[in-house]
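First comes the structure, then the notes that go with it.
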Amino acid sequence: MKPIATALSVCASLLAVSVVLGHSGNSDKLPAAAAPKYDPVIYAELQKAPEKARNRPNPLENDPDAVAAGAILFERHCAECHGKSAEGTHKAPSLLVPEVQSAKPGTLFWLITNGVVRKKMPVWSKLPEPQRWQLVRYIKSLGGSAPAAESPAPTP
Amino acid sequence: MTLVCRLALVFLLFLWVLWVFSPAPALAQENPYFVAYDHYLEEPGNLEIEYFSTFGTQRGANDFHAFWGEFEYGATAWWTTEFYLDGQTTFNDSTIFTGFRWENRFRVLKREHFINPVLYVEYENKNGADKILKEGEGHDVESDFLVSNAVARKDHIHEVELKLILSSTFKGWNFTENTLAAKNLSNSPWEFGYALGASRPLALKAAAKRCTFCRQNFIGGVEMYGGLGDRHSFGLHDTSHYLAPVLGWNLPSGWALRISPGFGLNDNSHQFLMRWGVTREITGFGSMVSRLFGGRK
């Protein structure tokens, strides 16, 4: 029985890790189902995209199926954290804000590819490149009349 | 029934309830390797429950069916922790529990690069009858399994295993190379091994409709793995090596299936290994557990 007891101890440890991390993710004390506070710092990651990555055009810009395919991909991989309508949750920010909607497709593609690992956004390069571009098309389609301009990258 | 058995049953029931009532199963999007690892970690807060089987042929003794369960949890975007329970049936012999493993993988770099390193640390507490062949290491060879379960299980193994995972993604292909160093804590030399893998989805673009049999849901590839001797006798002599095509099928319902026929490449290897597995990912597991203990509703 010793191995089983040890195994259960490890299970309990894992459970404790889950609890601790779950609580640490909830430290902002927002009410249930509320969208996160608007925090420009969260969106500052977009400014870190290198110039070359920003200027990459979306090869699926004229693909008529890209938005529909992107919507399905978003639901499967992104909605859990960003919300079903990309409105944001306590886990991840809204994608409807001007910072995101005015970002160039290449910037969004770069962020999806690299994630923001230290801030809980995983790397999504596991999705093939065309699927990431389909996601970009879908996210951009949510913005309607958002301005097309993007602030320039900060000079180091 | 002992207290420990009751606790084990309660824990399994708890996992089953989470599994069945999980509100949002996610589409697993993982490469179909059984032995090799790539650099993609579990998404933070998600739990992946996995079951895998290996049927192996055995010259000079009975064939076997080894099986293991995995509970893979994304602690953060850069740390995945995983717990294994192993067992095996040797035909015409017996079915036994062979031990557990606790594995951790750490992403080293913040961003995606051409080669992405991941550090892997595992503790294994198993007995000598373990046959899951989750890695090739040292001078492990087919004849090690000639011993009956009753004898082999008396040998207790506490082992630490380290891996350097180097993985790249290029034009839809994943290429990964794992180097392994394992140390039995009972005064044995360091043992070494390797695993290589390459895989690609059958289609790179997603379909504009929900579908089960779309080509993008299938990932095909191949992996190769084996031992590299130990500190005193490094090299390929007296080691076993395998080559195995792999196929994964990610269903939109949140389930994923994998299958892999493996072939021994030398006389020290089992001639044939048939592996298969089923996976289900539960999104938001960390939050669910947190709510149980008074976190955000």
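For the structure tokens, the naming scheme is as follows: chains receive sequential letters (A, B, ...) according to their order of presentation, residues are indexed from 1 within each chain, and ligands are indexed from 1 in presentation order.
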
- Could you pull the residues within 9 Å of segment 234-237 of chain B, counting only C-alpha atoms, minus those fewer than 5 positions along the same chain, as number ranges by chain? B: 138-139, 191-192, 226-229

- Query: Which chain B residues are at most 6 Å from chain A (counting only C-alpha atoms), as a PyMOL selection string?
  - Reply: chain B and resi 26-27+77+110-112+172+204-208+286-287+289-290+297

Neighbours of Phe175 of chain B within 8 Å (only C-alpha atoms; same-chain residues fewer than 2 positions away dropped), as a compact mmCIF listing (two decimals) with N, CA and C atoms, in the first residue's frame?
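File written: result-v1.txt
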```txt
# COMPACT_ATOMS: atom_id res chain seq x y z
N ASP B 38 7.38 17.53 -27.44
CA ASP B 38 7.67 18.79 -28.12
C ASP B 38 7.67 19.91 -27.08
N SER B 167 12.77 21.63 -29.63
CA SER B 167 11.67 21.43 -30.57
C SER B 167 11.51 22.64 -31.47
N SER B 168 11.20 22.37 -32.74
CA SER B 168 11.02 23.44 -33.73
C SER B 168 9.74 23.21 -34.50
N THR B 169 9.17 24.29 -34.98
CA THR B 169 8.02 24.19 -35.88
C THR B 169 8.34 24.96 -37.14
N PHE B 170 8.22 24.28 -38.27
CA PHE B 170 8.58 24.90 -39.53
C PHE B 170 7.61 24.44 -40.61
N TRP B 173 5.35 21.62 -39.89
CA TRP B 173 6.01 20.44 -39.33
C TRP B 173 6.52 20.73 -37.93
N GLU B 177 13.74 16.90 -30.66
CA GLU B 177 14.86 16.04 -30.28
C GLU B 177 14.96 16.08 -28.77
N LEU B 196 13.50 11.10 -30.98
CA LEU B 196 13.37 12.06 -32.08
C LEU B 196 11.95 11.96 -32.61
N GLY B 197 11.41 13.06 -33.07
CA GLY B 197 10.05 13.01 -33.62
C GLY B 197 9.85 14.05 -34.69
N ALA B 198 8.97 13.73 -35.63
CA ALA B 198 8.55 14.69 -36.66
C ALA B 198 7.07 14.44 -36.93
N SER B 199 6.31 15.50 -37.04
CA SER B 199 4.87 15.32 -37.29
C SER B 199 4.30 16.55 -37.98
```

- Task: Could you give me, as a PyMOL selection string, each residue of segment 146-195 of chain B that DSSP assigns to strand (DSSP E) when run on this structure's backbone?
- Result: chain B and resi 156-170+173-184+191-195

Output N, CA and C atoms for every residue in the selection just made, as a JSON list (two decimals), in the first residue's frame.
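Produced file result.json, reproduced below:
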```
[["chain", "number", "residue", "atom", "x", "y", "z"],
["B", 156, "HIS", "N", 12.56, -2.54, -6.25],
["B", 156, "HIS", "CA", 12.00, -1.19, -6.18],
["B", 156, "HIS", "C", 12.98, -0.18, -6.76],
["B", 157, "ILE", "N", 12.47, 0.68, -7.60],
["B", 157, "ILE", "CA", 13.33, 1.64, -8.31],
["B", 157, "ILE", "C", 12.86, 3.06, -8.00],
["B", 158, "HIS", "N", 13.78, 3.84, -7.48],
["B", 158, "HIS", "CA", 13.55, 5.27, -7.32],
["B", 158, "HIS", "C", 14.49, 5.96, -8.30],
["B", 159, "GLU", "N", 13.94, 6.68, -9.23],
["B", 159, "GLU", "CA", 14.77, 7.20, -10.31],
["B", 159, "GLU", "C", 14.44, 8.66, -10.58],
["B", 160, "VAL", "N", 15.47, 9.42, -10.88],
["B", 160, "VAL", "CA", 15.28, 10.80, -11.33],
["B", 160, "VAL", "C", 15.68, 10.84, -12.80],
["B", 161, "GLU", "N", 14.85, 11.50, -13.57],
["B", 161, "GLU", "CA", 15.11, 11.54, -15.01],
["B", 161, "GLU", "C", 15.09, 13.00, -15.48],
["B", 162, "LEU", "N", 16.10, 13.37, -16.21],
["B", 162, "LEU", "CA", 16.21, 14.73, -16.75],
["B", 162, "LEU", "C", 16.20, 14.65, -18.27],
["B", 163, "LYS", "N", 15.54, 15.61, -18.89],
["B", 163, "LYS", "CA", 15.54, 15.66, -20.36],
["B", 163, "LYS", "C", 15.75, 17.09, -20.80],
["B", 164, "LEU", "N", 16.44, 17.21, -21.91],
["B", 164, "LEU", "CA", 16.48, 18.49, -22.62],
["B", 164, "LEU", "C", 15.69, 18.29, -23.90],
["B", 165, "ILE", "N", 14.61, 19.02, -24.01],
["B", 165, "ILE", "CA", 13.73, 18.92, -25.18],
["B", 165, "ILE", "C", 14.02, 20.10, -26.08],
["B", 166, "LEU", "N", 14.39, 19.82, -27.31],
["B", 166, "LEU", "CA", 14.63, 20.88, -28.29],
["B", 166, "LEU", "C", 13.64, 20.67, -29.43],
["B", 167, "SER", "N", 12.77, 21.63, -29.63],
["B", 167, "SER", "CA", 11.67, 21.43, -30.57],
["B", 167, "SER", "C", 11.51, 22.64, -31.47],
["B", 168, "SER", "N", 11.20, 22.37, -32.74],
["B", 168, "SER", "CA", 11.02, 23.44, -33.73],
["B", 168, "SER", "C", 9.74, 23.21, -34.50],
["B", 169, "THR", "N", 9.17, 24.29, -34.98],
["B", 169, "THR", "CA", 8.02, 24.19, -35.88],
["B", 169, "THR", "C", 8.34, 24.96, -37.14],
["B", 170, "PHE", "N", 8.22, 24.28, -38.27],
["B", 170, "PHE", "CA", 8.58, 24.90, -39.53],
["B", 170, "PHE", "C", 7.61, 24.44, -40.61],
["B", 173, "TRP", "N", 5.35, 21.62, -39.89],
["B", 173, "TRP", "CA", 6.01, 20.44, -39.33],
["B", 173, "TRP", "C", 6.52, 20.73, -37.93],
["B", 174, "ASN", "N", 6.43, 19.75, -37.06],
["B", 174, "ASN", "CA", 7.13, 19.83, -35.79],
["B", 174, "ASN", "C", 8.29, 18.84, -35.81],
["B", 175, "PHE", "N", 9.45, 19.33, -35.43],
["B", 175, "PHE", "CA", 10.63, 18.48, -35.29],
["B", 175, "PHE", "C", 11.10, 18.59, -33.85],
["B", 176, "THR", "N", 11.31, 17.44, -33.23],
["B", 176, "THR", "CA", 11.74, 17.51, -31.84],
["B", 176, "THR", "C", 12.85, 16.50, -31.55],
["B", 177, "GLU", "N", 13.74, 16.90, -30.66],
["B", 177, "GLU", "CA", 14.86, 16.04, -30.28],
["B", 177, "GLU", "C", 14.96, 16.08, -28.77],
["B", 178, "ASN", "N", 14.89, 14.92, -28.14],
["B", 178, "ASN", "CA", 14.97, 14.84, -26.68],
["B", 178, "ASN", "C", 16.23, 14.07, -26.28],
["B", 179, "THR", "N", 16.99, 14.63, -25.38],
["B", 179, "THR", "CA", 18.14, 13.93, -24.81],
["B", 179, "THR", "C", 17.83, 13.63, -23.35],
["B", 180, "LEU", "N", 18.10, 12.42, -22.95],
["B", 180, "LEU", "CA", 17.66, 11.95, -21.63],
["B", 180, "LEU", "C", 18.85, 11.52, -20.78],
["B", 181, "ALA", "N", 18.82, 11.86, -19.51],
["B", 181, "ALA", "CA", 19.79, 11.34, -18.54],
["B", 181, "ALA", "C", 18.99, 10.89, -17.32],
["B", 182, "ALA", "N", 19.16, 9.64, -16.93],
["B", 182, "ALA", "CA", 18.37, 9.09, -15.81],
["B", 182, "ALA", "C", 19.32, 8.50, -14.77],
["B", 183, "LYS", "N", 18.94, 8.68, -13.51],
["B", 183, "LYS", "CA", 19.79, 8.18, -12.41],
["B", 183, "LYS", "C", 18.93, 7.41, -11.44],
["B", 184, "ASN", "N", 19.22, 6.11, -11.34],
["B", 184, "ASN", "CA", 18.59, 5.32, -10.29],
["B", 184, "ASN", "C", 19.24, 5.75, -8.98],
["B", 191, "GLU", "N", 22.27, 6.93, -16.76],
["B", 191, "GLU", "CA", 21.97, 6.27, -18.03],
["B", 191, "GLU", "C", 21.46, 7.32, -19.00],
["B", 192, "PHE", "N", 21.66, 7.03, -20.28],
["B", 192, "PHE", "CA", 21.31, 8.04, -21.29],
["B", 192, "PHE", "C", 20.40, 7.45, -22.36],
["B", 193, "GLY", "N", 19.67, 8.35, -23.02],
["B", 193, "GLY", "CA", 18.78, 7.91, -24.09],
["B", 193, "GLY", "C", 18.41, 9.08, -24.97],
["B", 194, "TYR", "N", 17.64, 8.79, -25.97],
["B", 194, "TYR", "CA", 17.24, 9.84, -26.91],
["B", 194, "TYR", "C", 15.84, 9.54, -27.45],
["B", 195, "ALA", "N", 15.21, 10.54, -27.98],
["B", 195, "ALA", "CA", 13.96, 10.37, -28.73],
["B", 195, "ALA", "C", 13.91, 11.47, -29.78]]
```

- Report the residues of segment 34-132 of chain A whose backbone DSSP state falls under helix (DSSP H, G or I), written as a ChimeraX atom specification. /A:40-48,51-54,66-77,79-82,98-101,105-114,117-119,129-132

- Task: Tell me which protein, DNA and RNA residues are within 9 Å of Ser260 of chain B, counting only C-alpha atoms, leaving out same-chain ones fewer than 3 positions away, and put them as a list in words.
- Result: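 So the residues in contact are Pro32, Tyr33, Phe34, Val222, Ala244, Pro245, Val246, Leu247, Gly248, Leu273, Met274, Arg275 and Trp276 of chain B.
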
- Task: List the neighbours of Asn55 of chain A out to 8 Å using only C-alpha atoms; skip same-chain residues closer than 2 positions along the sequence, and give me the result as number ranges by chain.
- Result: A: 51-53, 57, 104, 106-107

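Proximity to Arg280 of chain B at 6 Å, evaluated using only C-alpha atoms and with sequence-adjacent residues fewer than 5 positions away removed, yields Glu48, Ile49, Gly254 and Trp255 of chain B.
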
Requested write-out: N, CA and C atoms of the selected residues, as a PDB file, in the first residue's frame:
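After the write, selection30.pdb holds the following:
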```
ATOM      1  N   GLU B  48      -5.496  17.695 -18.457  1.00  0.00           N
ATOM      2  CA  GLU B  48      -5.683  16.689 -19.507  1.00  0.00           C
ATOM      3  C   GLU B  48      -5.612  15.321 -18.856  1.00  0.00           C
ATOM      4  N   ILE B  49      -6.666  14.536 -19.044  1.00  0.00           N
ATOM      5  CA  ILE B  49      -6.696  13.176 -18.508  1.00  0.00           C
ATOM      6  C   ILE B  49      -6.454  12.227 -19.673  1.00  0.00           C
ATOM      7  N   GLY B 254     -13.707  17.211 -27.957  1.00  0.00           N
ATOM      8  CA  GLY B 254     -12.767  17.354 -26.854  1.00  0.00           C
ATOM      9  C   GLY B 254     -11.946  16.096 -26.608  1.00  0.00           C
ATOM     10  N   TRP B 255     -12.293  15.016 -27.285  1.00  0.00           N
ATOM     11  CA  TRP B 255     -11.526  13.789 -27.162  1.00  0.00           C
ATOM     12  C   TRP B 255     -10.418  13.779 -28.205  1.00  0.00           C
TER      13      TRP B 255
END
```

- Task: Would you mind listing what lies within 7 Å of segment 124-135 of chain B as an NGL selection string, with only C-alpha atoms counted and same-chain residues fewer than 3 positions away left out?
- Result: :B and (35 or 54 or 66-67 or 87-88 or 98-102 or 149 or 152-160)

- Task: Figure out the distance between atom CA of Phe263 of chain B and atom CA of Ser94 of chain B, please, to one decimal in Å.
- Result: 25.1 Å

- Could you state the separation of atom CA of Ile96 of chain B and atom CA of Asn187 of chain B in Å, given to one decimal place?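 Separating atom CA of Ile96 of chain B from atom CA of Asn187 of chain B is a distance of 26.2 Å.
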
- Message: Using only C-alpha atoms for the distances, tell me which of B:Tyr84, B:Tyr242, B:Tyr37, B:Phe52 is nearest to Tyr123 of chain B.
- Response: B:Tyr84
